[in-house]
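Below is one structure; the comments refer to it alone.
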Amino acid sequence: MYPQSNTASQHAIVADFRSDTVTRPGATLRKVMHDAEVGDDVFHDDPAVNRLEAFAADMLGFESALFAPSGTQTNLIGLLTHCQRGDEYLVGQEAHTYRYEGGGAAVLGSIQPQPILNQPDGTLALADIAAAIKPDDYHFARSRLLALENTIGGRVLPMSYLAEVEALARQRRLSLHLDGARLFNASVKLGVPAAEIAGHFDSVSICLSKGLGAPVGSLLLGSRDFIGEARRWRKMLGGGMRQAGILAAAGEYVLRHHVERLSEDHYHAERLAEGLGSLSGLQVTPPQTNIVFVRVPPAVAEAFASHLLQHGILITGTTLQRWVTHLDVDRSQVDAAIRIARQFFESRA
Ligand SMILES: *Cc1c(COP(=O)(O)O)cnc(C)c1O
């Protein structure tokens with residue numbers, strides 16, 4: 001249900017919960033972009049990109065960073081940099097890199113994915129990881145990399161788990177990549193600096209355009225050598241942008257100013273879950289961060305979804321709905337959404 005989305009319709013929009021990617025830059029962010037000092041980033045000449053990369057590397061405790069157009073691309077660059085043709089990466093069955101990125105690692109990198117079942121809390125069981133690692137034998141692809149995602153489906157991976165998984169990966173000589181599209185949601189939820197989470201990994205991808213609210217852009221972080229190699233892949237994939245400082249300036253701004261406020265999104269998700277959970281028949285998974293999953297009885301799922309759409313509430317899914325809170329949804333919009341949802345069930349009572 002994740003890839004499908006109800007397109008913004010002719011109805012007046014009350015609140016858009018489809019994704020935390022739908023935010024639009026407000027006046028302050030547009031001013032920052034307007035004022036950005038730019039150059040040619042493929043020549044390394046864009047001051048705003050260089051500043052963003054240095055700032056993010058410092059913030060997350062890495063030597064280097066690379067700015068790219070999307071999280072799909074920073075994940076792919078990460079995989080291409082870690083793995084050679086014929087290598088494999090171990091990855092969750094539910095992971096974005098495996099499931100929602102068009103199979104890029106296999107298609108463009110000849111990297112074999114070895115999917116592993118995600119546990120209900122989003123982790124991969126250590127025993128499952130250990131069992132999936134191939135012996136050094138020419139019958140097998142070479143197990144090279146373990147890729148995790150945090151948050152995954154809005155769930156935060158426990159810090160103790162990260163330590164265990166890192167120990168296993170080191171012992172078995174696997175490199176570790178984190179798809180941290182929503183790393184800061186995990187960090188804010190746990191009250192742990194993002195660098196502490198990132199410190200368990202060799203490379204990390206973060207999205208600036210999800211909850212942080214930048215219009216475009218992601219970063220890949222790693223060692224100086226790793227990012228040097230990654231820069232070559234970025235160029236090959238067509239991700240070398242020129243006066244990208246206009247985007248990077250927005251990225252730096254949101255890293256400086258929009259991290260702490262993610263707790264508001266988490267609060268709104270809880271409020272939403274509480275309100276929707278009180279409606280008969282809806283099964284709401286208590287959210288850990290900014291994503292609320294709602295199971296709707298199949299008999300009313302279509303009608304409920306169309307009621308929401310007609311009243312300007314945008315979400316994704318029908319029998320399993322996904323509601324995502326973000327910068328452009330405030331408390332009054334959350335309350336309006338709950339009211340509109342309640343009307344549906346009251347009118348049928
Ligand atoms: C959105 C997302 C990505 C990809 O980011 P894009 O910028 O949309 O390509 C990667 N991983 C996760 C977990 C995401 O949610």
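By order in the structure tokens, chains are A, B, ...; within a chain, residues start at 1; ligands start at 1, following the order shown.
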
Contacts to ligand 1 at 8 Å cut-off (only C-alpha atoms and all ligand atoms) as a list of chain:residue names: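 Answer in the requested format: A:Thr21, A:Pro69, A:Ser70, A:Gly71, A:Thr72, A:Gln73, A:Asn75, A:Ala95, A:His96, A:Thr97, A:Tyr100, A:Glu101, A:Glu149, A:Asn150, A:Thr151, A:Ile152, A:Gly153, A:Asp179, A:Gly180, A:Ala181, A:Arg182, A:Cys207, A:Ser209, A:Lys210, A:Val216, A:Gly217, A:Ser218.
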
Long-range neighbours of Ala305 (chain A) as number ranges by chain, 12 Å cut-off, only C-alpha atoms, 6 positions minimum in chain: A: 5-6, 294-299, 311-323, 340-341, 344

Since we have the selection now, will you write its residues out, keeping C-alpha atoms, as a PDB file, in the first residue's frame?
```
ATOM      1  CA  SER A   5      -1.187   7.489  -3.237  1.00  0.00           C
ATOM      2  CA  ASN A   6      -4.418   9.356  -3.584  1.00  0.00           C
ATOM      3  CA  VAL A 294      -4.812   2.251  10.854  1.00  0.00           C
ATOM      4  CA  ARG A 295      -6.489  -1.019   9.998  1.00  0.00           C
ATOM      5  CA  VAL A 296      -9.997  -0.455   8.635  1.00  0.00           C
ATOM      6  CA  PRO A 297     -12.688  -3.168   8.436  1.00  0.00           C
ATOM      7  CA  PRO A 298     -12.741  -4.271   4.758  1.00  0.00           C
ATOM      8  CA  ALA A 299     -16.517  -3.780   4.537  1.00  0.00           C
ATOM      9  CA  HIS A 311     -13.616  16.108   3.027  1.00  0.00           C
ATOM     10  CA  GLY A 312     -10.082  17.101   2.117  1.00  0.00           C
ATOM     11  CA  ILE A 313      -8.154  14.599   4.239  1.00  0.00           C
ATOM     12  CA  LEU A 314      -5.411  13.002   2.165  1.00  0.00           C
ATOM     13  CA  ILE A 315      -3.915   9.691   3.279  1.00  0.00           C
ATOM     14  CA  THR A 316      -2.592   6.526   1.608  1.00  0.00           C
ATOM     15  CA  GLY A 317      -4.021   3.002   1.765  1.00  0.00           C
ATOM     16  CA  THR A 318      -7.545   1.677   2.220  1.00  0.00           C
ATOM     17  CA  THR A 319      -7.752  -1.373   4.513  1.00  0.00           C
ATOM     18  CA  LEU A 320      -4.350  -0.486   5.942  1.00  0.00           C
ATOM     19  CA  GLN A 321      -4.132   3.289   6.021  1.00  0.00           C
ATOM     20  CA  ARG A 322      -0.958   5.245   6.597  1.00  0.00           C
ATOM     21  CA  TRP A 323      -1.192   8.705   8.152  1.00  0.00           C
ATOM     22  CA  ILE A 340     -14.131  14.236   9.859  1.00  0.00           C
ATOM     23  CA  ALA A 341     -13.289  10.579  10.519  1.00  0.00           C
ATOM     24  CA  PHE A 344     -18.196   8.902   8.908  1.00  0.00           C
TER      25      PHE A 344
END
```

Long-range neighbours of Ala230 (chain A) as a PyMOL selection string, 7 Å cut-off, only C-alpha atoms, 5 positions minimum in chain: chain A and resi 77-78+81

Distance query Phe140 (chain A) at most 10 Å, only C-alpha atoms, self and fewer than 4 positions along chain excluded, as a list in words: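 Near Phe140 (chain A), the qualifying residues are Gly86, Asp87, Glu88, Ile133, Lys134, Pro135 and Asp136 of chain A.
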
DSSP helix (DSSP H, G or I) selection over region 44-192 of chain A, as an MDAnalysis selection string: chainID A and resid 47:60 71:82 96:99 104:109 126:132 159:171 183:190

Residue nearest Ala301 (chain A) among A:Leu220, A:Leu272, A:Leu282, A:Met33 (counting only C-alpha atoms):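 Checking each of A:Leu220, A:Leu272, A:Leu282, A:Met33 against Ala301 (chain A), counting only C-alpha atoms, the winner is A:Leu282.
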